[in-house]
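This report concerns only the one structure given below.
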Amino acid sequence: MEYEHEFMEIFSWLPVKSIYKFSSLSKQFSQIPFDNFFVKMQCEKTQLVGDKDFFIQLDTNSRPPYSKILKFDSCIRNSIDGLQVPYSSLEFIARTGRVLASSNGLVCCQKFIDDINPLFICNPATQYWLEISYPDGFNSERDLRIIFECNNVDKITDDFMLMSIMWPSHWGSDPLCKIYSPREKIWKDGGRIKIGRGRNLCHKRALCQNGVVYLISDTGRYFREGPFFWPYIVAYDVENCVTKFLKLPENSRRGIHDRGCRISIFKWGNSGNSMQSICLVKLNKNVFSIWVLCDEEKSSWHQVFEMHVEDMGLEGSDLVVAGFTVLNGKFLLIATDLLVYQYNLSSESSGKVEKICGHACGGYVFFHSFSSTLRSCGDGAKKLSAR
């Protein structure tokens, strides 16, 4: 069925919840959410806007993994439609598994119980999910290191990159990665990620952007000298099986070995942004510092932000930051043990944090960014089951 171009263009800028509402107005509009051309257009427009919603869950690096705490909220409130993920979807994910990664409207999760298909891809906005097996050779849930990214919409709407890093038991050995083929529904051998005999890598903080997987090292002081004395980033080109080591900016090194210092990497900008890159966030002595990677070949960085949490409006001598993330290069999300705040990193920022919501994760918070799209989970996806 063909639709008026004007309607298609307007609707494609809307989140899923609003599209469903409009599609119920007439028979002519009823098939819009299922039209492949429109789905692709809506995903494309959403990527231009970037993620503005997020999941909050207990950081399983710090606590037992089987917590069913899961919350959803947004940096930008929509007074008409409210939050863009139905409560039934949140309830389903919370009781079924934990979120491992999120990309362009899809989330990758791991089930709480043993199952022949213990992984699943889910679109919580459309309420569909697709079950996936573990790769061959997988020994236990502790070995699971998942990297997930939806491919650009100029390829195909149900295409995504799902990688499992199989970490060897011998310290210092290069890990093997396996790539899941959505079309063939099988895992295939990837390549080995050359990490050298360097530092431990923080798998939970890994991300994938433009076909490159980035992993940041820890900050422990267990080298006295040598090439791995300072923390660094491993950049692995999935298609070419090539690994690069990226140096962190020199002015980030001060205090980086301190016991309370925390560093992490996040995406900077969105898929429609020509300035799309990654950023390094350092938190030390309640001071946030942010650098953006300008040139990967030269490991060139540009510092864009530095501020003490008190200057942002967060006060208290015993203030503890429980978690943080960056969305689109625009928002810095900061969680304390009870509340989540956002700080606008753009030039028009008021210079103060804004309270968004509360949470029940205590001092161990992990964020996953999200955007509401019609993106398909792939062939064989089924509707989420009611309780």
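We label chains A, B, ... in the order they appear in the structure tokens, count residues from 1 in each chain, and number ligands from 1 in the order shown.
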Surrounding residues of Ser299 of chain A excluding itself and chain neighbours under 2 positions, 6 Å, only C-alpha atoms, as a PDB file with N, CA and C atoms, in the first residue's frame:
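And here's out-v1.pdb as it stands now:
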ATOM      1  N   LEU A 246      45.059   2.379  21.572  1.00  0.00           N
ATOM      2  CA  LEU A 246      44.909   3.827  21.624  1.00  0.00           C
ATOM      3  C   LEU A 246      45.386   4.349  22.972  1.00  0.00           C
ATOM      4  N   LYS A 247      46.267   5.320  22.928  1.00  0.00           N
ATOM      5  CA  LYS A 247      46.712   5.964  24.164  1.00  0.00           C
ATOM      6  C   LYS A 247      45.631   6.918  24.669  1.00  0.00           C
ATOM      7  N   ASP A 295      41.259  11.841  16.450  1.00  0.00           N
ATOM      8  CA  ASP A 295      41.988  11.134  15.408  1.00  0.00           C
ATOM      9  C   ASP A 295      42.458   9.803  15.975  1.00  0.00           C
ATOM     10  N   GLU A 296      41.849   8.713  15.501  1.00  0.00           N
ATOM     11  CA  GLU A 296      42.194   7.400  16.036  1.00  0.00           C
ATOM     12  C   GLU A 296      43.601   6.988  15.660  1.00  0.00           C
ATOM     13  N   GLU A 297      44.040   7.344  14.468  1.00  0.00           N
ATOM     14  CA  GLU A 297      45.383   6.953  14.020  1.00  0.00           C
ATOM     15  C   GLU A 297      46.461   7.566  14.906  1.00  0.00           C
TER      16      GLU A 297
END
Worksheet entry | Selection near Ser12 of chain A, 12 Å with only C-alpha atoms, sequence-local residues under 3 positions removed, as a VMD selection string | chain A and resid 5 to 9 15 to 20 22 32 to 33 35 37 to 49 372 to 374
Discussion item. Neighbouring residues of Ile263 of chain A were defined as those with any atom within 8 Å, considering only C-alpha atoms; residues of the same chain fewer than 3 positions away were excluded. Please report them as JSON, numbers by chain.
Written reply: {"A": [218, 219, 280, 281, 282, 283]}
Discussion item. Please list as a VMD selection string every residue within 8 Å of segment 179-188 of chain A, counting only C-alpha atoms and excluding residues in the same chain fewer than 6 positions away.
Written reply: chain A and resid 132 135 to 136 159 to 164 378 to 379
Please, could you write that set of residues out with N, CA and C atoms as a short mmCIF file (atom, residue, chain, number, x, y, z; two decimals), in the first residue's frame?
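Produced file part_35.cif, reproduced below:
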data_model
loop_
_atom_site.label_atom_id
_atom_site.label_comp_id
_atom_site.auth_asym_id
_atom_site.auth_seq_id
_atom_site.Cartn_x
_atom_site.Cartn_y
_atom_site.Cartn_z
N ILE A 132 18.09 -16.50 21.10
CA ILE A 132 19.36 -16.85 20.48
C ILE A 132 20.14 -17.78 21.40
N PRO A 135 27.13 -19.37 21.82
CA PRO A 135 28.06 -19.94 20.83
C PRO A 135 28.65 -21.25 21.34
N ASP A 136 29.04 -22.12 20.42
CA ASP A 136 29.71 -23.37 20.80
C ASP A 136 31.01 -23.07 21.55
N ASP A 159 19.13 -6.25 10.52
CA ASP A 159 20.51 -6.69 10.58
C ASP A 159 21.19 -6.08 11.80
N PHE A 160 21.92 -6.89 12.56
CA PHE A 160 22.66 -6.40 13.71
C PHE A 160 23.95 -7.18 13.85
N MET A 161 24.86 -6.61 14.62
CA MET A 161 26.13 -7.26 14.89
C MET A 161 26.12 -7.72 16.35
N LEU A 162 26.20 -9.03 16.56
CA LEU A 162 26.24 -9.60 17.89
C LEU A 162 27.54 -10.39 18.01
N MET A 163 28.41 -9.96 18.91
CA MET A 163 29.71 -10.60 19.09
C MET A 163 29.83 -11.14 20.51
N SER A 164 30.39 -12.33 20.62
CA SER A 164 30.73 -12.89 21.92
C SER A 164 32.25 -13.01 22.00
N GLY A 378 14.26 -9.43 13.72
CA GLY A 378 14.68 -10.42 12.74
C GLY A 378 13.64 -11.50 12.52
N ASP A 379 13.90 -12.38 11.55
CA ASP A 379 12.99 -13.47 11.25
C ASP A 379 12.84 -14.39 12.46
#
Discussion item. Need to verify the contact set: segment 353-355 of chain A, 12 Å, only C-alpha atoms, exclusion of same-chain residues closer than 3 positions in sequence. Can you return it as number ranges by chain?
Written reply: A: 73-76, 307-315, 331-336, 338-345, 349-350, 358-359
Practice prompt. Mind checking which residues fall within 10 Å of Glu239 of chain A, counting only C-alpha atoms, ignoring those fewer than 3 positions away in the same chain, and posting them as an NGL selection string?
Written response: :A and (190-191 or 211-212 or 236 or 242)
With N, CA and C atoms kept, could you save the residues just selected as a compact mmCIF listing (two decimals), in the first residue's frame?
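New file selection-v9.txt:
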# COMPACT_ATOMS: atom_id res chain seq x y z
N GLY A 190 35.14 -15.52 14.55
CA GLY A 190 35.64 -14.21 14.13
C GLY A 190 37.15 -14.27 14.07
N GLY A 191 37.80 -13.40 14.76
CA GLY A 191 39.25 -13.43 14.83
C GLY A 191 39.70 -13.35 16.27
N GLY A 211 31.57 -0.50 13.23
CA GLY A 211 32.28 -1.74 12.97
C GLY A 211 33.55 -1.93 13.78
N VAL A 212 33.82 -1.03 14.72
CA VAL A 212 35.01 -1.14 15.58
C VAL A 212 34.57 -1.35 17.02
N TYR A 236 39.26 -2.83 18.06
CA TYR A 236 39.29 -4.02 17.21
C TYR A 236 38.36 -3.85 16.02
N VAL A 242 41.65 -6.55 12.81
CA VAL A 242 42.85 -5.79 13.12
C VAL A 242 42.67 -5.07 14.45
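Distance-wise, atom CA of Asp59 of chain A and atom CA of Phe305 of chain A end up 25.4 Å apart.
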Running DSSP on the backbone, which parts of segment 72-192 of chain A land in strand (DSSP E), as an mmCIF file with N, CA and C atoms, in the first residue's frame?
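Contents of the output file part26.cif:
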data_model
loop_
_atom_site.group_PDB
_atom_site.id
_atom_site.type_symbol
_atom_site.label_atom_id
_atom_site.label_comp_id
_atom_site.auth_asym_id
_atom_site.auth_seq_id
_atom_site.Cartn_x
_atom_site.Cartn_y
_atom_site.Cartn_z
ATOM 1 N N PHE A 72 13.119 2.423 33.684
ATOM 2 C CA PHE A 72 13.240 3.106 32.400
ATOM 3 C C PHE A 72 12.835 4.557 32.579
ATOM 4 N N ASP A 73 13.611 5.471 31.969
ATOM 5 C CA ASP A 73 13.262 6.886 32.052
ATOM 6 C C ASP A 73 13.840 7.625 30.856
ATOM 7 N N SER A 74 13.675 8.943 30.831
ATOM 8 C CA SER A 74 14.070 9.733 29.674
ATOM 9 C C SER A 74 14.675 11.059 30.092
ATOM 10 N N GLY A 97 15.159 -11.635 32.204
ATOM 11 C CA GLY A 97 16.606 -11.562 32.092
ATOM 12 C C GLY A 97 17.145 -10.204 32.436
ATOM 13 N N ARG A 98 18.424 -10.015 32.155
ATOM 14 C CA ARG A 98 19.082 -8.733 32.408
ATOM 15 C C ARG A 98 19.578 -8.157 31.087
ATOM 16 N N VAL A 99 19.567 -6.843 30.984
ATOM 17 C CA VAL A 99 20.011 -6.165 29.776
ATOM 18 C C VAL A 99 21.539 -6.182 29.709
ATOM 19 N N LEU A 100 22.067 -6.651 28.582
ATOM 20 C CA LEU A 100 23.514 -6.682 28.362
ATOM 21 C C LEU A 100 23.980 -5.499 27.517
ATOM 22 N N ALA A 101 23.152 -5.095 26.549
ATOM 23 C CA ALA A 101 23.541 -4.021 25.641
ATOM 24 C C ALA A 101 22.301 -3.477 24.953
ATOM 25 N N SER A 102 22.422 -2.266 24.401
ATOM 26 C CA SER A 102 21.305 -1.619 23.720
ATOM 27 C C SER A 102 21.824 -0.863 22.512
ATOM 28 N N SER A 103 21.063 -0.910 21.405
ATOM 29 C CA SER A 103 21.490 -0.215 20.195
ATOM 30 C C SER A 103 20.312 0.047 19.271
ATOM 31 N N LEU A 106 16.891 -1.682 19.857
ATOM 32 C CA LEU A 106 16.890 -3.085 20.266
ATOM 33 C C LEU A 106 17.774 -3.259 21.500
ATOM 34 N N VAL A 107 17.402 -4.185 22.366
ATOM 35 C CA VAL A 107 18.241 -4.519 23.517
ATOM 36 C C VAL A 107 18.605 -5.992 23.445
ATOM 37 N N CYS A 108 19.821 -6.306 23.865
ATOM 38 C CA CYS A 108 20.285 -7.689 23.951
ATOM 39 C C CYS A 108 20.295 -8.073 25.418
ATOM 40 N N CYS A 109 19.653 -9.203 25.742
ATOM 41 C CA CYS A 109 19.484 -9.611 27.136
ATOM 42 C C CYS A 109 19.923 -11.058 27.339
ATOM 43 N N GLN A 110 20.184 -11.395 28.595
ATOM 44 C CA GLN A 110 20.516 -12.752 28.986
ATOM 45 C C GLN A 110 19.463 -13.243 29.972
ATOM 46 N N LYS A 111 18.918 -14.436 29.723
ATOM 47 C CA LYS A 111 17.891 -14.988 30.611
ATOM 48 C C LYS A 111 18.478 -15.335 31.978
ATOM 49 N N LEU A 119 20.021 -16.286 25.322
ATOM 50 C CA LEU A 119 20.112 -14.883 24.937
ATOM 51 C C LEU A 119 18.860 -14.497 24.169
ATOM 52 N N PHE A 120 18.517 -13.218 24.196
ATOM 53 C CA PHE A 120 17.429 -12.767 23.326
ATOM 54 C C PHE A 120 17.598 -11.293 22.978
ATOM 55 N N ILE A 121 17.171 -10.982 21.744
ATOM 56 C CA ILE A 121 17.103 -9.614 21.249
ATOM 57 C C ILE A 121 15.657 -9.161 21.394
ATOM 58 N N CYS A 122 15.452 -7.950 21.879
ATOM 59 C CA CYS A 122 14.090 -7.492 22.141
ATOM 60 C C CYS A 122 13.921 -6.046 21.684
ATOM 61 N N ASN A 123 12.767 -5.763 21.084
ATOM 62 C CA ASN A 123 12.360 -4.382 20.858
ATOM 63 C C ASN A 123 11.238 -4.091 21.844
ATOM 64 N N TYR A 128 8.346 -7.136 20.663
ATOM 65 C CA TYR A 128 8.751 -8.388 20.017
ATOM 66 C C TYR A 128 10.122 -8.809 20.543
ATOM 67 N N TRP A 129 10.381 -10.138 20.500
ATOM 68 C CA TRP A 129 11.678 -10.635 20.938
ATOM 69 C C TRP A 129 12.105 -11.830 20.111
ATOM 70 N N LEU A 130 13.414 -12.066 20.067
ATOM 71 C CA LEU A 130 13.993 -13.151 19.286
ATOM 72 C C LEU A 130 15.014 -13.876 20.154
ATOM 73 N N GLU A 131 14.820 -15.180 20.364
ATOM 74 C CA GLU A 131 15.715 -15.968 21.212
ATOM 75 C C GLU A 131 16.942 -16.431 20.422
ATOM 76 N N ILE A 132 18.088 -16.502 21.105
ATOM 77 C CA ILE A 132 19.359 -16.850 20.476
ATOM 78 C C ILE A 132 20.142 -17.783 21.405
ATOM 79 N N ILE A 146 29.424 -9.889 25.780
ATOM 80 C CA ILE A 146 28.629 -9.618 24.583
ATOM 81 C C ILE A 146 28.823 -8.183 24.109
ATOM 82 N N ILE A 147 29.034 -8.017 22.795
ATOM 83 C CA ILE A 147 29.063 -6.717 22.138
ATOM 84 C C ILE A 147 27.918 -6.708 21.127
ATOM 85 N N PHE A 148 27.126 -5.653 21.115
ATOM 86 C CA PHE A 148 25.919 -5.628 20.289
ATOM 87 C C PHE A 148 25.760 -4.255 19.651
ATOM 88 N N GLU A 149 25.505 -4.254 18.335
ATOM 89 C CA GLU A 149 25.230 -3.003 17.635
ATOM 90 C C GLU A 149 24.335 -3.271 16.427
ATOM 91 N N CYS A 150 23.300 -2.477 16.291
ATOM 92 C CA CYS A 150 22.475 -2.561 15.081
ATOM 93 C C CYS A 150 23.230 -1.918 13.930
ATOM 94 N N PHE A 160 21.919 -6.892 12.557
ATOM 95 C CA PHE A 160 22.656 -6.397 13.706
ATOM 96 C C PHE A 160 23.947 -7.179 13.851
ATOM 97 N N MET A 161 24.864 -6.608 14.622
ATOM 98 C CA MET A 161 26.134 -7.258 14.893
ATOM 99 C C MET A 161 26.121 -7.715 16.351
ATOM 100 N N LEU A 162 26.204 -9.026 16.561
ATOM 101 C CA LEU A 162 26.244 -9.600 17.892
ATOM 102 C C LEU A 162 27.540 -10.395 18.015
ATOM 103 N N MET A 163 28.411 -9.957 18.905
ATOM 104 C CA MET A 163 29.712 -10.604 19.086
ATOM 105 C C MET A 163 29.833 -11.143 20.507
ATOM 106 N N SER A 164 30.389 -12.333 20.623
ATOM 107 C CA SER A 164 30.734 -12.885 21.921
ATOM 108 C C SER A 164 32.248 -13.010 22.000
ATOM 109 N N ILE A 165 32.829 -12.457 23.043
ATOM 110 C CA ILE A 165 34.268 -12.576 23.251
ATOM 111 C C ILE A 165 34.517 -13.734 24.200
ATOM 112 N N MET A 166 35.213 -14.737 23.725
ATOM 113 C CA MET A 166 35.525 -15.925 24.508
ATOM 114 C C MET A 166 36.868 -15.717 25.195
ATOM 115 N N LEU A 176 39.330 -15.057 21.723
ATOM 116 C CA LEU A 176 38.700 -15.350 20.445
ATOM 117 C C LEU A 176 37.296 -14.758 20.450
ATOM 118 N N CYS A 177 36.893 -14.169 19.345
ATOM 119 C CA CYS A 177 35.527 -13.658 19.260
ATOM 120 C C CYS A 177 34.727 -14.488 18.258
ATOM 121 N N LYS A 178 33.440 -14.578 18.520
ATOM 122 C CA LYS A 178 32.510 -15.237 17.608
ATOM 123 C C LYS A 178 31.402 -14.263 17.249
ATOM 124 N N ILE A 179 30.971 -14.329 15.978
ATOM 125 C CA ILE A 179 29.970 -13.401 15.463
ATOM 126 C C ILE A 179 28.703 -14.169 15.112
ATOM 127 N N TYR A 180 27.563 -13.658 15.557
ATOM 128 C CA TYR A 180 26.288 -14.311 15.257
ATOM 129 C C TYR A 180 25.745 -13.815 13.924
ATOM 130 N N SER A 181 25.308 -14.752 13.075
ATOM 131 C CA SER A 181 24.699 -14.410 11.792
ATOM 132 C C SER A 181 23.182 -14.429 11.937
ATOM 133 N N ILE A 186 23.358 -18.784 13.207
ATOM 134 C CA ILE A 186 24.479 -19.565 13.748
ATOM 135 C C ILE A 186 25.605 -18.608 14.156
ATOM 136 N N TRP A 187 26.470 -19.097 15.047
ATOM 137 C CA TRP A 187 27.661 -18.354 15.436
ATOM 138 C C TRP A 187 28.819 -18.777 14.541
ATOM 139 N N LYS A 188 29.598 -17.799 14.102
ATOM 140 C CA LYS A 188 30.755 -18.073 13.263
ATOM 141 C C LYS A 188 32.017 -17.547 13.944
ATOM 142 N N ASP A 189 33.131 -18.239 13.685
ATOM 143 C CA ASP A 189 34.396 -17.778 14.249
ATOM 144 C C ASP A 189 34.756 -16.414 13.677
ATOM 145 N N GLY A 190 35.144 -15.516 14.551
ATOM 146 C CA GLY A 190 35.643 -14.214 14.132
ATOM 147 C C GLY A 190 37.155 -14.274 14.068
ATOM 148 N N GLY A 191 37.800 -13.401 14.755
ATOM 149 C CA GLY A 191 39.254 -13.433 14.825
ATOM 150 C C GLY A 191 39.702 -13.351 16.269
ATOM 151 N N ARG A 192 40.990 -13.287 16.471
ATOM 152 C CA ARG A 192 41.517 -13.104 17.816
ATOM 153 C C ARG A 192 41.827 -11.619 18.036
#
Worksheet entry | Gap from atom CA of Asn284 of chain A to atom CA of Arg259 of chain A - Å, one decimal | 9.2 Å
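For the pair atom CA of Ile69 of chain A and atom CA of Ala206 of chain A, the separation is 22.0 Å.
The residue that comes closest to Ile195 of chain A, out of A:Lys352, A:Lys244, A:Lys71, A:Arg221 and on the basis of only C-alpha atoms, is A:Lys244.
Proximity to segment 322-330 of chain A at 7 Å, evaluated using only C-alpha atoms and with sequence-adjacent residues fewer than 3 positions away removed, yields Gly50, Asp51, Lys52, Phe266, Lys267, Trp268, Gly269, Asn270, Leu333, Ile334, Ala335, Thr336, Asp337, Asn344, Leu345, Ser346, Gly363, Tyr364, Val365, Phe366, Phe367 and Ser369 of chain A.
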